[in-house]
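Asks: Pasting a structure here, questions to come.
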Amino acid sequence: MHIDTAPRLVTPPLLLRLVSVAASSIGFYLPLSVVPLLAGPAAGLATVSLLAATVLVELVTPQLVARAGYRWALAAGLVLLGLPTVALSFDASPAAIVAVSVLRGAGFAVCTVAGGALTATLIPAGRRGEGLALVGLTTGVTSLLALPAGVWAATRWGYTPVFAATAVCTLLALLTIPGLPRRTAAAAEGNRGVLAGLRIPALTRPAAIFAASTTAIGVLVTYLPLAAADLPAWVAPAALLAQPAAATAARWFAGRHGDRHGPSRLLTPGLLLAALGTAGLAGGPVPMVAGALLLGAGFGVLQNATLTLMYNRVPAGGESTVSAIWNSAYDLGMAAGALVAGLIVASAGYPATFLLTAAAMLPALALIRRDRRPEHMTPQ
């Protein structure tokens with residue numbers, strides 16, 4: 001008689017890790033669309049500063065983890081992500097906004113790369129897609145609430161309560177750090193492999209495919225509240241709620257489907273859904289919310305499928321490499337979307353900007369066709 005011996009997915013260390021996942025998600029998303037509102041004409045600069053700092057620090061975080069360990073790295077990341085935000089209650093000048101965004105970006109980089117590598121070691125390989133979906137569910141629920149709640153609270157009560165809540169939520173998660181593993185051997189291996197990993201198409205192709213969708217997310221979170229300023233008051237919060245809600249559900253579906261049938265076949269439908277949804281943002285109130293929903297669905301599918309593919313293609317010890325490359329692709333895509341859209345909006349307007357963003361995602365279909373889906377790729 002066959003007995004199912006599937007490894008246990010949820011363990012006490014993973015539960016503790018989910019707390020810091022939720023805290024870093026709140027710390028990132030709660031003020032994400034609020035800071036651009038505060039910055040006004042400098043909205044694009046605020047988002048680009050945040051994401052540029054994130055990318056730069058992500059590339060060196062594996063070295064930090066190798067030296068300090070997961071606990072100290074995560075603690076530093078949570079502090080940098082949340083605490084500097086309070087300063088914007090006292091100084092909202094462009095220089096202050098950029099400085100705070102840079103510090104927050106550095107903190108988020110450490111939380112995502114160090115935390116992502118640690119999380120991967122806590123999930124059984126045979127249930128990787130489902131495990132990442134569980135982490136995605138945690139991130140998705142918190143972003144689902146935090147992103148629209150930040151805009152709603154700022155318009156109702158002002159900016160200070162949003163910034164204070166950001167700091168409190170991230171700092172409270174420090175209480176869970178002592179219960180996390182100290183492992184650093186895998187982080188040291190990943191540190192040696194980051195640059196080598198960038199030379200492996202089996203890793204860079206999924207990362208580039210994912211980055212194509214994150215450009216649309218950068219445009220959405222930066223410019224949708226501004227594009228909807230003359231529309232009914234419910235449109236921006238509803239759209240910002242629909243996107244992470246759909247992404248959360250899609251990540252769970254993609255994780256379970258990918259473990260059973262392989263994640264590669266999800267790449268094309270995920271990209272097409274994201275592009276179609278981005279085009280929908282150019283419409284009126286209902287198409288805008290529907291577009292955000294479709295964009296979120298495609299984005300969630302690509303999040304889980306690309307990350308699972310990349311983890312499957314490295315041996316044990318390569319988790320930091322994958323985490324750094326994937327998160328850098330995430331943030332570079334968002335930054336590029338916010339920056340380029342900022343250059344287009346002034347002359348073309350918001351609807352045309354959304355349509356051009358959707359069209360710019362389609363060339364990634366060629367990368368999907370070229371991906372040969374190797375099971376494991378070891379950075380050399």
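Just remember, in the structure tokens the first chain shown is A, the second B, etc., residues are 1-based per chain, and ligands are 1-based in the order shown.
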If you count only C-alpha atoms, which residues fall within 7 Å of segment 145-162 of chain A, apart from same-chain ones fewer than 4 positions away, as a VMD selection string?
Replies: chain A and resid 26 29 to 34 89 141 166 237 240 to 241
Asks: For Leu224 of chain A, list every protein, DNA or RNA residue within 10 Å, evaluated using only C-alpha atoms, and leave out those in the same chain fewer than 5 positions away; present the list as a PyMOL selection string.
Replies: chain A and resi 33+217-219+229+235-237+239-240+281-282+288+292+350+354
Asks: Those same residues, written as a compact mmCIF listing (two decimals), in the first residue's frame with N, CA, C and O atoms?
Replies:
```txt
# COMPACT_ATOMS: atom_id res chain seq x y z
N SER A 33 2.36 54.31 -2.50
CA SER A 33 1.66 55.29 -3.33
C SER A 33 1.41 56.61 -2.59
O SER A 33 1.02 57.60 -3.20
N ILE A 217 3.70 47.41 -13.02
CA ILE A 217 3.41 47.66 -11.61
C ILE A 217 4.00 49.00 -11.18
O ILE A 217 3.37 49.77 -10.43
N GLY A 218 5.21 49.31 -11.65
CA GLY A 218 5.82 50.60 -11.33
C GLY A 218 4.98 51.76 -11.85
O GLY A 218 4.82 52.78 -11.18
N VAL A 219 4.42 51.60 -13.04
CA VAL A 219 3.56 52.64 -13.60
C VAL A 219 2.26 52.75 -12.80
O VAL A 219 1.80 53.85 -12.48
N ALA A 229 -7.32 61.08 -10.52
CA ALA A 229 -7.63 62.22 -9.65
C ALA A 229 -8.96 62.88 -10.01
O ALA A 229 -9.66 63.39 -9.13
N VAL A 235 -12.27 55.05 -7.35
CA VAL A 235 -11.57 54.36 -8.43
C VAL A 235 -10.15 53.97 -8.04
O VAL A 235 -9.74 52.80 -8.18
N ALA A 236 -9.36 54.93 -7.56
CA ALA A 236 -7.96 54.63 -7.23
C ALA A 236 -7.85 53.57 -6.12
O ALA A 236 -7.11 52.59 -6.27
N PRO A 237 -8.55 53.73 -4.98
CA PRO A 237 -8.47 52.66 -3.96
C PRO A 237 -8.94 51.31 -4.47
O PRO A 237 -8.35 50.28 -4.14
N ALA A 239 -8.86 50.12 -7.58
CA ALA A 239 -7.85 49.57 -8.49
C ALA A 239 -6.63 49.08 -7.72
O ALA A 239 -6.08 48.01 -8.01
N LEU A 240 -6.21 49.86 -6.73
CA LEU A 240 -5.06 49.46 -5.93
C LEU A 240 -5.38 48.27 -5.03
O LEU A 240 -4.46 47.59 -4.56
N LEU A 281 -6.02 49.90 -18.13
CA LEU A 281 -5.89 51.07 -17.27
C LEU A 281 -6.14 52.37 -18.02
O LEU A 281 -6.37 53.41 -17.41
N ALA A 282 -6.10 52.32 -19.36
CA ALA A 282 -6.31 53.52 -20.16
C ALA A 282 -7.78 53.90 -20.28
O ALA A 282 -8.10 54.97 -20.81
N MET A 288 -10.58 50.66 -15.75
CA MET A 288 -9.36 50.86 -14.97
C MET A 288 -9.27 49.84 -13.84
O MET A 288 -8.21 49.23 -13.62
N ALA A 292 -6.63 46.67 -13.63
CA ALA A 292 -5.78 46.40 -12.48
C ALA A 292 -5.95 44.96 -12.01
O ALA A 292 -4.98 44.31 -11.59
N TYR A 350 -1.96 60.18 -19.57
CA TYR A 350 -1.98 58.91 -18.86
C TYR A 350 -2.50 57.74 -19.71
O TYR A 350 -1.89 56.66 -19.71
N PHE A 354 -0.27 54.25 -20.44
CA PHE A 354 -0.66 52.89 -20.07
C PHE A 354 -0.63 51.96 -21.28
O PHE A 354 -0.18 50.81 -21.20
```
Asks: Could the residues of segment 275-339 of chain A that have an atom at most 8 Å from segment 50-60 of chain A be listed as CSV, each with its closest atom pair and the distance in Å to one decimal, counting only C-alpha atoms and ordered by chain and ascending residue number?
Replies:
```
residue,atom,partner,partner_atom,distance
A:Ala324,CA,A:Glu58,CA,5.6
A:Ile325,CA,A:Leu59,CA,7.7
A:Asn327,CA,A:Glu58,CA,7.3
A:Ser328,CA,A:Val55,CA,5.0
A:Asp331,CA,A:Leu51,CA,5.5
A:Leu332,CA,A:Val55,CA,6.6
A:Met334,CA,A:Leu51,CA,7.2
A:Ala335,CA,A:Leu51,CA,5.6
```
Asks: With N, CA, C and O atoms retained, write the just-selected residues as a PDB file, in the first residue's frame.
Replies:
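again.pdb was written with the following content:
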```pdb
ATOM      1  N   ALA A 324      18.777  37.423  -5.170  1.00  0.00           N
ATOM      2  CA  ALA A 324      19.317  38.719  -5.574  1.00  0.00           C
ATOM      3  C   ALA A 324      18.947  39.055  -7.012  1.00  0.00           C
ATOM      4  O   ALA A 324      18.539  40.179  -7.316  1.00  0.00           O
ATOM      5  N   ILE A 325      19.078  38.086  -7.919  1.00  0.00           N
ATOM      6  CA  ILE A 325      18.784  38.352  -9.330  1.00  0.00           C
ATOM      7  C   ILE A 325      17.297  38.609  -9.539  1.00  0.00           C
ATOM      8  O   ILE A 325      16.903  39.564 -10.226  1.00  0.00           O
ATOM      9  N   ASN A 327      14.926  39.559  -7.348  1.00  0.00           N
ATOM     10  CA  ASN A 327      14.467  40.801  -6.734  1.00  0.00           C
ATOM     11  C   ASN A 327      15.015  42.024  -7.451  1.00  0.00           C
ATOM     12  O   ASN A 327      14.334  43.057  -7.527  1.00  0.00           O
ATOM     13  N   SER A 328      16.229  41.926  -7.981  1.00  0.00           N
ATOM     14  CA  SER A 328      16.766  43.041  -8.771  1.00  0.00           C
ATOM     15  C   SER A 328      15.936  43.245 -10.030  1.00  0.00           C
ATOM     16  O   SER A 328      15.652  44.384 -10.424  1.00  0.00           O
ATOM     17  N   ASP A 331      12.701  45.038  -9.078  1.00  0.00           N
ATOM     18  CA  ASP A 331      12.816  46.460  -8.780  1.00  0.00           C
ATOM     19  C   ASP A 331      13.307  47.277  -9.964  1.00  0.00           C
ATOM     20  O   ASP A 331      12.897  48.427 -10.140  1.00  0.00           O
ATOM     21  N   LEU A 332      14.184  46.701 -10.794  1.00  0.00           N
ATOM     22  CA  LEU A 332      14.606  47.412 -11.996  1.00  0.00           C
ATOM     23  C   LEU A 332      13.426  47.619 -12.930  1.00  0.00           C
ATOM     24  O   LEU A 332      13.285  48.684 -13.547  1.00  0.00           O
ATOM     25  N   MET A 334      10.225  47.862 -12.044  1.00  0.00           N
ATOM     26  CA  MET A 334       9.371  48.900 -11.460  1.00  0.00           C
ATOM     27  C   MET A 334       9.969  50.286 -11.642  1.00  0.00           C
ATOM     28  O   MET A 334       9.268  51.240 -11.992  1.00  0.00           O
ATOM     29  N   ALA A 335      11.274  50.403 -11.412  1.00  0.00           N
ATOM     30  CA  ALA A 335      11.934  51.701 -11.554  1.00  0.00           C
ATOM     31  C   ALA A 335      11.896  52.178 -12.993  1.00  0.00           C
ATOM     32  O   ALA A 335      11.632  53.358 -13.269  1.00  0.00           O
TER      33      ALA A 335
END
```
Asks: At a cut-off of 7 Å, using only C-alpha atoms, what residues contact Thr138 of chain A? Leave out same-chain residues fewer than 3 positions from it and give the result as JSON, numbers by chain.
Replies: {"A": [18, 22, 134, 135, 141, 142]}
Asks: Atom CA of Pro244 of chain A to atom CA of Leu198 of chain A: how many Å, to one decimal?
Replies: 28.9 Å
Asks: To test your reading of the structure, identify every residue in segment 225-325 of chain A that backbone DSSP assigns to helix (DSSP H, G or I), and report it as a ChimeraX atom specification.
Replies: /A:225-227,235-261,264-280,285-312,319-325
Asks: What does the distance from atom CA of Pro84 of chain A to atom CA of Ala167 of chain A come to in Å, to one decimal?
Replies: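 A separation of 7.8 Å between them.
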Asks: Between A:Ala202, A:Ala165, A:Leu307, A:Val221, single out the one closest to Asp371 of chain A, counting only C-alpha atoms.
Replies: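 The answer is A:Ala202, which sits nearest to Asp371 of chain A.
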Asks: Mind dumping a table of every segment 348-369 of chain A residue within 7 Å of segment 260-277 of chain A, with the nearest atom pair and its distance in Å to one decimal, using only C-alpha atoms, sorted by chain and rising number, as a Markdown table?
Replies:
```
| residue | atom | partner | partner_atom | distance |
| --- | --- | --- | --- | --- |
| A:Ala358 | CA | A:Ala275 | CA | 4.7 |
| A:Met361 | CA | A:Ala275 | CA | 6.3 |
| A:Leu365 | CA | A:Thr268 | CA | 6.8 |
| A:Ile368 | CA | A:Leu267 | CA | 6.8 |
```
Asks: Which polymer residues have any atom within 8 Å of an atom of Gly126 of chain A, counting only C-alpha atoms, with same-chain residues fewer than 2 positions away left out, as a list in words?
Replies: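 Returned residues: Ala6, Pro7, Pro124, Arg128 and Asp259 of chain A.
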Asks: Would you write out those residues with all heavy atoms, as a JSON list (two decimals), in the first residue's frame?
Replies:
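Here's the written file selection_12.json:
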```
[["chain", "number", "residue", "atom", "x", "y", "z"],
["A", 6, "ALA", "N", 4.69, 13.06, 1.72],
["A", 6, "ALA", "CA", 5.06, 14.43, 1.35],
["A", 6, "ALA", "C", 5.59, 15.17, 2.57],
["A", 6, "ALA", "O", 5.01, 15.07, 3.66],
["A", 6, "ALA", "CB", 3.85, 15.17, 0.78],
["A", 7, "PRO", "N", 6.71, 15.88, 2.42],
["A", 7, "PRO", "CA", 7.29, 16.58, 3.56],
["A", 7, "PRO", "C", 6.36, 17.67, 4.09],
["A", 7, "PRO", "O", 5.57, 18.25, 3.34],
["A", 7, "PRO", "CB", 8.58, 17.17, 3.00],
["A", 7, "PRO", "CG", 8.35, 17.26, 1.53],
["A", 7, "PRO", "CD", 7.47, 16.10, 1.19],
["A", 124, "PRO", "N", 10.41, 22.57, 1.60],
["A", 124, "PRO", "CA", 10.84, 21.33, 0.94],
["A", 124, "PRO", "C", 10.87, 21.50, -0.57],
["A", 124, "PRO", "O", 9.97, 22.12, -1.15],
["A", 124, "PRO", "CB", 9.79, 20.31, 1.36],
["A", 124, "PRO", "CG", 9.13, 20.89, 2.58],
["A", 124, "PRO", "CD", 9.20, 22.37, 2.42],
["A", 128, "ARG", "N", 8.04, 23.30, -3.47],
["A", 128, "ARG", "CA", 8.55, 24.67, -3.58],
["A", 128, "ARG", "C", 7.51, 25.64, -4.12],
["A", 128, "ARG", "O", 7.35, 26.74, -3.58],
["A", 128, "ARG", "CB", 9.80, 24.68, -4.46],
["A", 128, "ARG", "CG", 10.41, 26.07, -4.65],
["A", 128, "ARG", "CD", 11.81, 25.95, -5.21],
["A", 128, "ARG", "NE", 12.75, 25.53, -4.19],
["A", 128, "ARG", "CZ", 13.75, 24.68, -4.40],
["A", 128, "ARG", "NH1", 13.91, 24.14, -5.60],
["A", 128, "ARG", "NH2", 14.58, 24.37, -3.44],
["A", 259, "ASP", "N", 3.75, 22.96, -9.25],
["A", 259, "ASP", "CA", 4.30, 21.77, -8.62],
["A", 259, "ASP", "C", 3.83, 20.49, -9.32],
["A", 259, "ASP", "O", 4.55, 19.49, -9.32],
["A", 259, "ASP", "CB", 3.90, 21.71, -7.14],
["A", 259, "ASP", "CG", 4.74, 22.62, -6.27],
["A", 259, "ASP", "OD1", 5.80, 23.08, -6.74],
["A", 259, "ASP", "OD2", 4.35, 22.87, -5.11]]
```
Asks: Hey, which of A:Ala173, A:Leu339, A:Leu295, A:Leu144 ends up closest to Ala245 of chain A? Count only C-alpha atoms.
Replies: A:Leu144
Asks: Within 8 Å of Gly136 of chain A, counting only C-alpha atoms, which residues show up once you throw out same-chain ones fewer than 3 positions away? Write them as a list in words, please.
Replies: Leu132, Ala133, Thr139, Gly140, Thr248, Arg251, Trp252 and Asn304 of chain A
Asks: So which one's closest to Leu231 of chain A, A:Leu38, A:Val286, A:Val322, A:Ala196? Using only C-alpha atoms, please.
Replies: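 Answer, going by the shortest atom-to-atom distance: A:Val286.
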Asks: List as a VMD selection string the protein and nucleic acid residues near segment 174-176 of chain A, meaning an atom at most 8 Å away when only C-alpha atoms are counted, but skip any in the same chain fewer than 4 places from it.
Replies: chain A and resid 16 to 17 19 to 20 75 78 170 180
Asks: What does the structure give for the distance between atom CA of Cys169 of chain A and atom CA of Leu81 of chain A, in Å to one decimal?
Replies: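 These two atoms are separated by 10.3 Å.
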Asks: For Ala338 of chain A, which residue out of A:Ala233, A:Leu220, A:Ala92, A:Val79 is the nearest one, using only C-alpha atoms?
Replies: A:Leu220
